[in-house]
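target-v8.cif, holding mmCIF, C-alpha atoms and all ligand atoms:
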data_run
#
loop_
_atom_site.label_atom_id
_atom_site.label_comp_id
_atom_site.auth_asym_id
_atom_site.auth_seq_id
_atom_site.Cartn_x
_atom_site.Cartn_y
_atom_site.Cartn_z
CA MET A 25 20.94 -10.00 15.33
CA LYS A 26 19.54 -10.16 11.84
CA ARG A 27 18.25 -6.59 11.85
CA ARG A 28 21.51 -5.22 13.11
CA GLU A 29 23.34 -6.92 10.26
CA VAL A 30 20.84 -5.55 7.79
CA LEU A 31 21.21 -2.07 9.13
CA LYS A 32 24.95 -2.25 8.99
CA SER A 33 24.85 -3.09 5.33
CA LEU A 34 22.27 -0.39 4.66
CA VAL A 35 24.28 2.47 6.03
CA LEU A 36 27.22 1.47 3.90
CA LEU A 37 25.30 2.35 0.79
CA PRO A 38 24.64 6.06 0.52
CA MET A 39 27.37 7.33 2.83
CA ALA A 40 30.66 8.87 2.00
CA GLY A 41 33.54 7.19 3.83
CA THR A 42 34.19 9.85 6.43
CA LEU A 43 30.61 9.91 7.69
CA LEU A 44 30.26 6.18 7.86
CA THR A 45 31.14 5.44 11.45
CA LYS A 46 29.08 8.22 12.90
CA CYS A 47 25.95 7.38 10.91
CA GLU A 48 26.30 3.68 11.51
CA ASN A 49 26.48 4.19 15.26
CA SER A 50 23.53 6.54 15.48
CA SER A 51 21.33 4.39 13.28
CA ARG A 52 22.15 1.30 15.26
CA HIS A 53 21.24 3.06 18.42
CA ASN A 54 17.84 4.02 16.97
CA VAL A 55 17.02 0.48 15.97
CA GLN A 56 17.91 -0.91 19.39
CA LYS A 57 15.77 1.70 21.04
CA VAL A 58 12.75 0.85 18.94
CA ARG A 59 13.27 -2.82 19.59
CA GLN A 60 13.22 -2.25 23.31
CA GLU A 61 10.06 -0.22 23.15
CA GLY A 62 7.97 -2.43 20.86
CA PRO A 63 6.42 -5.69 22.06
CA ALA A 64 8.65 -8.74 21.74
CA LEU A 65 5.93 -10.43 19.70
CA HIS A 66 6.30 -7.77 17.01
CA TRP A 67 10.02 -8.43 16.59
CA ASP A 68 9.42 -12.13 16.57
CA SER A 69 6.62 -12.00 13.94
CA PHE A 70 6.64 -11.84 10.16
CA VAL A 71 5.37 -8.32 9.38
CA MET A 72 4.08 -7.47 5.90
CA ASP A 73 2.31 -4.34 4.65
CA GLY A 74 -0.17 -4.74 1.77
CA HIS A 75 0.17 -1.23 0.36
CA VAL A 76 3.15 1.14 0.52
CA HIS A 77 3.50 3.94 -2.04
CA VAL A 78 6.97 4.01 -3.55
CA MET A 79 8.68 5.55 -6.58
CA SER A 80 6.37 8.57 -7.10
CA ARG A 81 8.39 10.83 -4.86
CA GLN A 82 11.58 9.00 -5.75
CA LEU A 83 11.01 9.64 -9.46
CA LEU A 84 9.86 13.24 -9.28
CA HIS A 85 12.42 14.40 -6.73
CA ASN A 86 15.29 12.11 -7.68
CA ILE A 87 15.42 10.40 -4.28
CA ASP A 88 16.76 6.95 -3.44
CA ILE A 89 14.58 4.76 -1.22
CA GLY A 90 17.66 3.74 0.78
CA GLN A 91 18.16 7.33 1.87
CA ARG A 92 16.77 8.33 5.28
CA LEU A 93 14.40 11.29 4.99
CA THR A 94 12.99 13.58 7.64
CA ASP A 95 9.53 13.92 6.12
CA GLY A 96 7.04 11.61 4.40
CA HIS A 97 6.50 8.07 5.67
CA VAL A 98 8.63 5.77 3.56
CA ASP A 99 12.31 4.87 3.31
CA LEU A 100 14.26 1.71 3.98
CA PRO A 101 15.94 2.83 7.22
CA ARG A 102 12.52 3.58 8.73
CA ALA A 103 11.04 0.32 7.39
CA ILE A 104 13.77 -1.56 9.25
CA GLU A 105 13.12 0.40 12.43
CA GLY A 106 9.44 -0.56 12.21
CA GLY A 107 10.30 -4.24 12.03
CA LEU A 108 8.98 -4.70 8.49
CA ASP A 109 9.84 -7.99 6.75
CA ALA A 110 7.98 -7.61 3.46
CA MET A 111 5.78 -5.19 1.60
CA PHE A 112 3.64 -4.80 -1.44
CA PHE A 113 6.05 -2.40 -3.17
CA SER A 114 3.32 -0.31 -4.76
CA VAL A 115 4.22 1.87 -7.72
CA TYR A 116 1.53 4.30 -8.75
CA THR A 117 0.13 5.75 -11.96
CA PRO A 118 -2.44 8.38 -10.95
CA GLU A 119 -5.25 10.00 -12.95
CA GLU A 120 -3.22 12.99 -14.07
CA TYR A 121 -1.39 10.76 -16.58
CA TYR A 122 -4.60 9.50 -18.23
CA PRO A 123 -5.81 12.43 -20.43
CA GLY A 124 -2.61 12.40 -22.51
CA ARG A 125 -2.57 8.57 -22.40
CA PHE A 126 0.76 8.47 -20.59
CA GLU A 127 -0.40 5.73 -18.20
CA THR A 128 1.56 2.85 -19.71
CA LYS A 129 4.72 4.90 -20.02
CA ASN A 130 4.49 6.06 -16.42
CA THR A 131 3.81 2.53 -15.20
CA LEU A 132 6.86 1.24 -17.08
CA ARG A 133 9.19 3.91 -15.75
CA VAL A 134 8.09 3.73 -12.08
CA LEU A 135 8.28 -0.07 -12.18
CA GLN A 136 11.74 0.06 -13.75
CA LEU A 137 12.86 2.70 -11.24
CA GLY A 138 11.66 0.46 -8.42
CA ILE A 139 13.62 -2.48 -9.84
CA ASP A 140 16.72 -0.28 -10.18
CA GLN A 141 16.46 1.09 -6.64
CA ILE A 142 15.89 -2.34 -5.14
CA LYS A 143 19.00 -3.57 -6.96
CA LYS A 144 20.98 -0.59 -5.74
CA ASN A 145 19.91 -1.37 -2.16
CA ASP A 146 20.25 -5.13 -2.48
CA ALA A 147 22.07 -5.40 0.81
CA VAL A 148 18.73 -4.77 2.52
CA ILE A 149 15.92 -5.44 0.05
CA GLU A 150 15.22 -7.91 -2.76
CA ILE A 151 12.39 -8.58 -5.15
CA ALA A 152 10.17 -11.54 -4.23
CA LEU A 153 8.21 -13.25 -6.98
CA ASN A 154 6.38 -15.66 -4.67
CA ALA A 155 5.97 -16.66 -1.02
CA SER A 156 9.05 -18.90 -1.00
CA ASP A 157 11.11 -15.94 -2.23
CA ILE A 158 9.76 -13.81 0.63
CA GLU A 159 10.83 -16.44 3.16
CA ARG A 160 14.23 -16.93 1.52
CA ILE A 161 14.90 -13.18 1.47
CA ASN A 162 13.81 -12.83 5.11
CA ARG A 163 16.15 -15.65 6.15
CA LYS A 164 18.99 -13.53 4.81
CA GLY A 165 17.81 -10.69 7.09
CA LYS A 166 16.47 -8.59 4.22
CA ILE A 167 13.13 -7.02 3.37
CA ALA A 168 11.15 -8.65 0.56
CA ALA A 169 9.55 -6.40 -2.08
CA PHE A 170 6.47 -7.83 -3.81
CA LEU A 171 6.00 -5.60 -6.85
CA ASP A 172 2.52 -4.10 -7.07
CA LEU A 173 0.81 -1.49 -9.24
CA GLU A 174 -1.87 1.01 -8.26
CA GLY A 175 -3.50 2.80 -11.19
CA ALA A 176 -3.69 1.96 -14.85
CA PHE A 177 -1.30 -0.33 -16.72
CA ASP A 178 -3.37 0.50 -19.81
CA LEU A 179 -6.84 2.02 -19.77
CA GLU A 180 -7.87 -0.31 -22.59
CA GLY A 181 -6.68 -3.39 -20.73
CA ASP A 182 -4.23 -4.73 -23.33
CA ILE A 183 -3.28 -8.20 -22.11
CA LEU A 184 0.12 -8.07 -23.83
CA VAL A 185 0.98 -5.01 -21.72
CA LEU A 186 -0.09 -6.97 -18.65
CA ARG A 187 2.20 -9.85 -19.67
CA ALA A 188 5.09 -7.46 -20.27
CA LEU A 189 4.72 -6.14 -16.72
CA TYR A 190 4.65 -9.69 -15.39
CA THR A 191 7.88 -10.37 -17.26
CA MET A 192 9.41 -7.37 -15.49
CA GLY A 193 8.48 -8.91 -12.12
CA LEU A 194 5.13 -7.30 -11.32
CA ARG A 195 3.10 -9.78 -9.27
CA CYS A 196 0.10 -7.77 -8.05
CA LEU A 197 -2.12 -5.38 -9.95
CA GLN A 198 -5.15 -3.25 -9.16
CA LEU A 199 -7.95 -3.93 -11.64
CA THR A 200 -9.37 -0.39 -11.68
CA ALA A 201 -7.29 2.57 -12.80
CA HIS A 202 -7.14 3.94 -9.24
CA ASN A 203 -10.44 5.89 -8.88
CA THR A 204 -11.22 5.64 -12.57
CA THR A 205 -13.53 3.23 -14.39
CA THR A 206 -11.65 1.61 -17.28
CA SER A 207 -12.75 -0.24 -20.39
CA PHE A 208 -13.30 -3.38 -18.27
CA ILE A 209 -14.16 -2.58 -14.64
CA ASP A 210 -16.09 0.02 -12.61
CA SER A 211 -14.42 2.03 -9.88
CA CYS A 212 -16.32 2.76 -6.66
CA SER A 213 -15.53 6.46 -7.18
CA ASP A 214 -16.48 6.82 -10.84
CA ALA A 215 -19.33 5.97 -13.23
CA ALA A 216 -20.74 2.43 -13.06
CA VAL A 217 -20.41 1.82 -16.79
CA TRP A 218 -20.28 -1.97 -16.75
CA GLY A 219 -22.43 -2.86 -13.77
CA GLY A 220 -19.23 -4.40 -12.35
CA ILE A 221 -16.89 -6.07 -14.83
CA ASN A 222 -17.37 -6.97 -18.51
CA ASP A 223 -16.03 -9.78 -20.72
CA LEU A 224 -12.64 -8.10 -21.12
CA GLY A 225 -12.45 -7.87 -17.33
CA ARG A 226 -13.07 -11.61 -17.13
CA ASP A 227 -10.33 -12.21 -19.74
CA ILE A 228 -7.87 -10.14 -17.71
CA ILE A 229 -8.79 -12.02 -14.53
CA ARG A 230 -8.27 -15.35 -16.34
CA GLU A 231 -4.88 -14.17 -17.62
CA MET A 232 -3.83 -13.06 -14.14
CA ASN A 233 -4.94 -16.43 -12.76
CA ASP A 234 -2.91 -18.22 -15.45
CA LEU A 235 0.15 -16.09 -14.79
CA GLY A 236 -0.18 -16.42 -11.02
CA MET A 237 -0.63 -12.68 -10.39
CA VAL A 238 -2.41 -11.36 -7.30
CA ILE A 239 -5.59 -9.44 -8.14
CA ASN A 240 -6.28 -6.30 -6.09
CA VAL A 241 -9.84 -4.90 -6.03
CA ALA A 242 -9.27 -1.88 -3.76
CA HIS A 243 -11.06 1.10 -5.42
CA ALA A 244 -13.44 -1.17 -7.38
CA SER A 245 -17.24 -0.93 -7.07
CA MET A 246 -18.92 -3.47 -4.79
CA ASP A 247 -20.57 -5.13 -7.82
CA ALA A 248 -17.16 -5.33 -9.51
CA ILE A 249 -15.60 -6.88 -6.39
CA ILE A 250 -18.30 -9.54 -6.05
CA GLN A 251 -18.12 -10.37 -9.77
CA THR A 252 -14.32 -10.55 -9.64
CA VAL A 253 -14.52 -13.06 -6.79
CA GLU A 254 -16.92 -15.14 -8.91
CA ALA A 255 -14.77 -14.90 -12.05
CA SER A 256 -11.40 -15.63 -10.44
CA ARG A 257 -10.12 -19.16 -9.87
CA HIS A 258 -7.82 -17.81 -7.16
CA PRO A 259 -8.44 -15.82 -3.99
CA ILE A 260 -8.35 -12.05 -4.56
CA THR A 261 -7.13 -9.20 -2.39
CA TYR A 262 -8.40 -5.81 -1.33
CA THR A 263 -5.06 -4.38 -0.30
CA HIS A 264 -6.06 -1.13 1.46
CA GLY A 265 -9.33 0.29 2.74
CA GLY A 266 -11.91 -0.08 5.47
CA PHE A 267 -15.47 -1.20 6.16
CA ARG A 268 -18.74 0.60 5.49
CA GLY A 269 -19.87 -0.80 8.82
CA ILE A 270 -17.34 1.60 10.39
CA VAL A 271 -17.33 4.52 7.92
CA ASP A 272 -19.96 4.50 5.18
CA VAL A 273 -18.08 5.83 2.14
CA PRO A 274 -17.79 4.28 -1.35
CA ARG A 275 -14.11 3.38 -0.89
CA CYS A 276 -14.91 1.09 2.04
CA LEU A 277 -16.15 -2.50 1.74
CA SER A 278 -19.76 -3.49 2.25
CA ASP A 279 -20.17 -6.46 4.59
CA GLU A 280 -21.39 -8.48 1.61
CA ALA A 281 -18.27 -7.73 -0.46
CA ALA A 282 -15.97 -8.42 2.50
CA LYS A 283 -17.62 -11.78 3.11
CA ALA A 284 -17.37 -12.66 -0.59
CA ILE A 285 -13.61 -11.92 -0.62
CA ALA A 286 -13.06 -14.02 2.50
CA ALA A 287 -15.27 -16.90 1.35
CA LYS A 288 -12.91 -17.37 -1.61
CA GLY A 289 -9.85 -17.24 0.67
CA GLY A 290 -8.92 -13.63 -0.15
CA VAL A 291 -7.37 -11.06 2.18
CA ILE A 292 -8.50 -7.55 3.20
CA GLY A 293 -5.80 -5.00 4.13
CA ILE A 294 -6.80 -2.33 6.65
CA GLN A 295 -5.63 1.12 5.58
CA PHE A 296 -4.31 3.38 8.37
CA GLY A 297 -6.19 6.65 7.66
CA SER A 298 -9.09 8.40 9.38
CA ALA A 299 -11.18 8.79 6.21
CA PHE A 300 -11.93 5.05 6.19
CA ASN A 301 -11.59 4.12 9.85
CA ASN A 302 -12.58 7.01 12.08
CA PRO A 303 -16.35 7.68 12.32
CA LYS A 304 -15.76 10.89 14.30
CA PHE A 305 -13.61 12.30 11.51
CA HIS A 306 -16.20 11.30 8.93
CA GLU A 307 -19.03 13.02 10.83
CA TRP A 308 -16.92 16.11 11.41
CA ARG A 309 -16.15 16.31 7.71
CA LEU A 310 -19.80 15.89 6.79
CA GLN A 311 -20.66 18.80 9.05
CA GLY A 312 -18.53 20.91 6.74
CA ARG A 313 -16.06 22.05 9.32
CA THR A 314 -13.08 20.73 7.43
CA PRO A 315 -10.73 23.20 5.77
CA SER A 316 -11.05 22.87 2.03
CA ASN A 317 -7.59 21.40 1.43
CA THR A 318 -8.23 18.76 4.09
CA GLN A 319 -11.51 17.86 2.48
CA ARG A 320 -9.92 17.49 -0.91
CA ARG A 321 -7.21 15.23 0.34
CA ALA A 322 -9.30 13.23 2.76
CA SER A 323 -11.86 12.20 0.18
CA SER A 324 -11.18 10.29 -2.98
CA PRO A 325 -9.52 12.88 -5.20
CA PRO A 326 -12.04 13.97 -7.87
CA VAL A 327 -9.43 14.16 -10.58
CA PHE A 328 -10.58 11.38 -12.88
CA ASN A 329 -11.91 12.05 -16.37
CA LEU A 330 -9.71 15.11 -16.62
CA PRO A 331 -9.80 16.99 -19.93
CA LEU A 332 -6.70 17.13 -22.08
CA ASN A 333 -5.34 20.66 -22.12
CA GLU A 334 -2.19 22.77 -22.34
CA GLN A 335 -1.25 21.86 -18.76
CA ASN A 336 -1.20 18.08 -19.18
CA ASN A 337 -0.49 17.37 -22.84
CA THR A 338 3.07 16.19 -22.20
CA ILE A 339 4.29 13.78 -19.52
CA ALA A 340 6.83 16.40 -18.39
CA LYS A 341 4.03 18.86 -17.66
CA VAL A 342 2.15 16.25 -15.63
CA ASP A 343 5.33 15.52 -13.68
CA GLU A 344 5.77 19.22 -12.93
CA HIS A 345 2.17 19.42 -11.76
CA LEU A 346 2.56 16.43 -9.40
CA LYS A 347 5.99 17.33 -8.08
CA PRO A 348 4.83 19.79 -5.38
CA GLN A 349 2.34 17.19 -4.07
CA MET A 350 5.21 14.96 -2.94
CA PRO A 351 5.44 13.37 -0.44
CA MET A 352 1.79 12.31 -0.52
CA VAL A 353 0.98 12.92 3.13
CA PHE A 354 -2.03 14.46 4.83
CA THR A 355 -1.26 18.10 5.50
CA GLY A 356 -4.63 19.22 6.84
CA THR A 357 -5.53 19.59 10.47
CA MET A 358 -8.24 18.08 12.57
CA PRO A 359 -9.42 18.86 16.11
CA ASP A 360 -7.58 17.02 18.84
CA ASP A 361 -10.68 15.19 20.08
CA ILE A 362 -11.27 13.80 16.60
CA TRP A 363 -7.74 12.64 15.84
CA MET A 364 -7.71 8.87 16.39
CA SER A 365 -5.00 6.66 17.85
CA ALA A 366 -3.87 3.21 16.76
CA ASP A 367 -6.40 1.66 19.15
CA GLN A 368 -9.11 2.69 16.66
CA LEU A 369 -7.29 0.79 13.89
CA ALA A 370 -7.30 -2.24 16.19
CA ARG A 371 -11.07 -1.83 16.61
CA VAL A 372 -11.48 -1.78 12.82
CA ILE A 373 -9.33 -4.91 12.54
CA ASP A 374 -11.55 -6.48 15.23
CA TYR A 375 -14.66 -5.56 13.23
CA GLY A 376 -13.14 -7.37 10.26
CA VAL A 377 -12.13 -10.41 12.31
CA ASN A 378 -15.65 -10.68 13.72
CA LEU A 379 -17.16 -10.23 10.26
CA VAL A 380 -15.03 -12.61 8.17
CA GLY A 381 -12.55 -14.36 10.46
CA GLU A 382 -8.92 -13.96 11.52
CA ASP A 383 -7.51 -15.62 8.38
CA TYR A 384 -8.61 -12.85 6.03
CA ILE A 385 -7.60 -9.55 7.69
CA ALA A 386 -4.18 -7.89 7.33
CA LEU A 387 -2.38 -4.53 7.22
CA GLY A 388 -2.46 -2.17 4.20
CA SER A 389 -1.15 1.13 5.54
CA ASP A 390 -1.19 3.22 2.34
CA PHE A 391 1.90 5.05 3.63
CA GLU A 392 2.58 8.06 1.37
CA GLY A 393 -0.84 7.61 -0.27
CA TRP A 394 -2.44 10.47 1.72
CA PRO A 395 -3.61 8.54 4.82
CA GLU A 396 -4.64 10.73 7.80
CA LEU A 397 -2.47 8.70 10.16
CA PRO A 398 -3.29 8.07 13.84
CA ARG A 399 -1.56 10.36 16.32
CA ASP A 400 0.77 7.59 17.48
CA ILE A 401 1.81 6.43 14.00
CA ARG A 402 4.33 8.82 12.45
CA ASP A 403 5.50 6.65 9.58
CA MET A 404 6.94 3.18 8.92
CA ARG A 405 8.79 3.25 12.24
CA ASP A 406 5.53 2.73 14.14
CA TYR A 407 4.23 -0.65 13.01
CA PRO A 408 4.85 -1.92 16.57
CA GLN A 409 2.00 0.33 17.76
CA ILE A 410 -0.44 -1.90 15.89
CA THR A 411 0.96 -4.99 17.56
CA THR A 412 0.66 -3.31 20.95
CA GLU A 413 -3.01 -2.52 20.34
CA LEU A 414 -3.79 -6.02 19.08
CA ILE A 415 -2.24 -7.44 22.25
CA LYS A 416 -4.49 -5.11 24.27
CA LEU A 417 -7.52 -6.61 22.51
CA GLY A 418 -6.58 -9.91 24.11
CA TYR A 419 -5.83 -11.58 20.79
CA SER A 420 -3.81 -14.79 20.77
CA GLU A 421 -0.25 -14.71 19.47
CA GLN A 422 -1.22 -16.81 16.50
CA ARG A 423 -4.07 -14.48 15.53
CA ILE A 424 -1.78 -11.45 15.78
CA ARG A 425 0.87 -13.12 13.63
CA LYS A 426 -1.72 -13.83 10.94
CA ILE A 427 -2.86 -10.20 10.87
CA LEU A 428 0.69 -8.82 10.94
CA GLY A 429 1.74 -10.75 7.88
CA LEU A 430 1.00 -14.47 7.66
CA ASN A 431 -2.33 -13.90 5.91
CA TRP A 432 -0.61 -12.00 3.09
CA LEU A 433 2.02 -14.72 2.83
CA ARG A 434 -0.67 -17.40 2.64
CA VAL A 435 -2.65 -15.72 -0.15
CA ILE A 436 0.53 -14.94 -2.15
CA ARG A 437 1.51 -18.61 -1.89
CA GLU A 438 -1.92 -19.74 -3.07
CA VAL A 439 -1.97 -17.36 -6.05
CA THR A 440 1.64 -17.59 -7.22
CA GLY A 441 1.89 -21.31 -6.53
CA GLY A 442 5.29 -20.91 -4.94
ZN ZN B 1 -5.34 3.37 -3.18
#
Show the structure stored in the file as structure tokens.
Amino acid sequence: MKRREVLKSLVLLPMAGTLLTKCENSSRHNVQKVRQEGPALHWDSFVMDGHVHVMSRQLLHNIDIGQRLTDGHVDLPRAIEGGLDAMFFSVYTPEEYYPGRFETKNTLRVLQLGIDQIKKNDAVIEIALNASDIERINRKGKIAAFLDLEGAFDLEGDILVLRALYTMGLRCLQLTAHNTTTSFIDSCSDAAVWGGINDLGRDIIREMNDLGMVINVAHASMDAIIQTVEASRHPITYTHGGFRGIVDVPRCLSDEAAKAIAAKGGVIGIQFGSAFNNPKFHEWRLQGRTPSNTQRRASSPPVFNLPLNEQNNTIAKVDEHLKPQMPMVFTGTMPDDIWMSADQLARVIDYGVNLVGEDYIALGSDFEGWPELPRDIRDMRDYPQITTELIKLGYSEQRIRKILGLNWLRVIREVTGG
């Protein structure tokens, strides 16, 4: 019942009066169909995604997240159809904004846009500042948005900027500037300037602990991750990625780093793409048979440390440059025998469960962050495929519920204190 009520309120939003009945009926039909097809356990579980890219496309193409789209992965109607209850609502400030030092401005505007769009769609989604908020919002039949930033809030790590973002409602932040080493922490894809983190990094971690903000170390170097675990009073998160034991690339976690995160009570989100989870795809790429555009998008984009030039010396020029890249979806091709299915994601989850335990593994799709999705996952509508594959592994209901969302909820409660 709750999802039907949510959907009803959603379709009221963007529609002109004459189209209302028709759209409402067709959307309702879609939701019921998905519900019949997915496992009952999925619809009965709390489902939370640790990394969903929002507000890049919405900003650059003037799109509302409540509007159903036919391409990309992310919009609220499709989130509802996938049975999603909560998400890390991840705004993004990529490398292109760094040469002109537009990172703080971009972070402020995508965060504010997210707040505005959530408010506009408040019949279906609300901002959650802690775990109790998530539960309260879910009880009303709505999706909870936990505001998260990927990329730089300020390359110099100004703690007052961090506090300002907290005041706006941001509750999770990536320590690195995406793939870029900052003045306080090394990225796994950039120069190891600090051998991990430095004293400023430790100050920022202390501040985030004091504020009750969730620390995200996805894209950090393994030394930086291990040192962050040691420096933080709270558990930390690695919201989206994979394991080097599955695919040995810098963006994946070493077993040592994964164990360190879990030992402190942290949570590891499994990203949905082939680059981190599909050994066949990795080998195929190494053999150089990948078309060049696929290679560029499948690997960590080598766009950090860009020079300042005529093309990027205003924020408007950077916007124009990024605009055609939206939505951020994999557009390359790969041979049919290499393209994985969701069962491979389940195997990666199982690797993690065997390595660190069922309390520390969760979902971090990276939808609209370039993931090379499995053949049976189109977009946010297909979260039930993961549940189906976890059931096939013979996992208990309780273990599946933890992976689908309860582990995120637990770590958010521990860090935010609410
Ligand atoms: Zn990322």
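Distances here use all atoms listed in the file; by that measure, the residue among A:Val273, A:Ile239, A:Leu332, A:Ile209 closest to A:Phe126 is A:Leu332.
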Task: A:Asn378, A:Ser389, A:Gln349, A:Asn302 ranked by distance to ligand ZN 1 (chain B), top pick (using all atoms listed in the file) - done: A:Ser389
TODO: Have a look at atom CA of A:Asn154 and atom CA of A:Tyr262 and let me know their distance in Å, one decimal.
DONE: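 Going from atom CA of A:Asn154 over to atom CA of A:Tyr262, I get 18.1 Å.
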- [ ] Counting only C-alpha atoms and all ligand atoms, name the residues that have an atom within 10 Å of an atom of ligand ZN 1 (chain B); the answer should be given as an MDAnalysis selection string.
- [x] chainID A and resid 75:77 114 116 118 173:175 198 201:203 241:243 262:265 275 295 324 388:390 393:395
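For the pair atom CA of A:Ala168 and atom CA of A:Asp146, the interatomic distance is 10.2 Å.
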Where does stretch 106-206 of chain A meet stretch 220-226 of chain A within 12 Å, residue by residue, with the nearest atom pair and distance in Å to one decimal for each, counting all atoms listed in the file, listed by chain and rising number, as CSV?
residue,atom,partner,partner_atom,distance
A:Leu179,CA,A:Gly225,CA,11.6
A:Glu180,CA,A:Leu224,CA,9.3
A:Gly181,CA,A:Leu224,CA,7.6
A:Asp182,CA,A:Leu224,CA,9.3
A:Ile183,CA,A:Leu224,CA,9.4
A:Gln198,CA,A:Gly225,CA,11.9
A:Leu199,CA,A:Gly225,CA,8.3
A:Thr200,CA,A:Gly225,CA,9.9
A:Thr205,CA,A:Gly220,CA,9.7
A:Thr206,CA,A:Gly225,CA,9.5
Task: Length of the atom CA of A:Lys426 to atom CA of A:His97 vector [Å] - done: 24.0 Å
Open item on the list: I'd like to know which of A:Thr261, A:Asn145, A:Asn336, A:Ser420 is closest to A:Ile285, using all atoms listed in the file.
Closed with: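 Smallest distance to A:Ile285 is found for A:Thr261.
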Task: Best match for closeness to A:Leu171 among A:Asp343, A:Asp360, A:Glu280, A:Glu150, counting all atoms listed in the file - done: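 The answer is A:Glu150, which sits nearest to A:Leu171.
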Open item on the list: So, with all atoms listed in the file as the atoms that count, which of A:Asn337, A:Ser69, A:Ser207, A:Thr357 lies closest to A:Trp308?
Closed with: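 Distance minimum relative to A:Trp308 lands on A:Thr357.
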TODO: Write out as a list in words which residues come within 10 Å of A:Pro348 when counting only C-alpha atoms, dropping same-chain ones fewer than 5 positions away.
DONE: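 Within the cut-off, the hits are Arg81, Leu84, His85 and Asp343 of chain A.
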Write the residues you've just listed into a file as an mmCIF file, in the frame of the given file, and include C-alpha atoms for each of them.
data_model
loop_
_atom_site.group_PDB
_atom_site.id
_atom_site.type_symbol
_atom_site.label_atom_id
_atom_site.label_comp_id
_atom_site.auth_asym_id
_atom_site.auth_seq_id
_atom_site.Cartn_x
_atom_site.Cartn_y
_atom_site.Cartn_z
ATOM 1 C CA ARG A 81 8.390 10.830 -4.860
ATOM 2 C CA LEU A 84 9.860 13.240 -9.280
ATOM 3 C CA HIS A 85 12.420 14.400 -6.730
ATOM 4 C CA ASP A 343 5.330 15.520 -13.680
#
- [ ] Name the closest residue to A:Glu105 among the candidates A:Gly62, A:Arg437, A:Trp218, A:Thr117; distances are taken between atoms, counting all atoms listed in the file.
- [x]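 Closest to A:Glu105 of all the choices is A:Gly62.
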Open item on the list: At a cut-off of 9 Å around the point (4.0, 1.6, -17.0) (file coordinates), what residues fall inside when counting only C-alpha atoms? I'd like the answer as a ChimeraX atom specification.
Closed with: /A:117,126-136,173,176-178,185,189
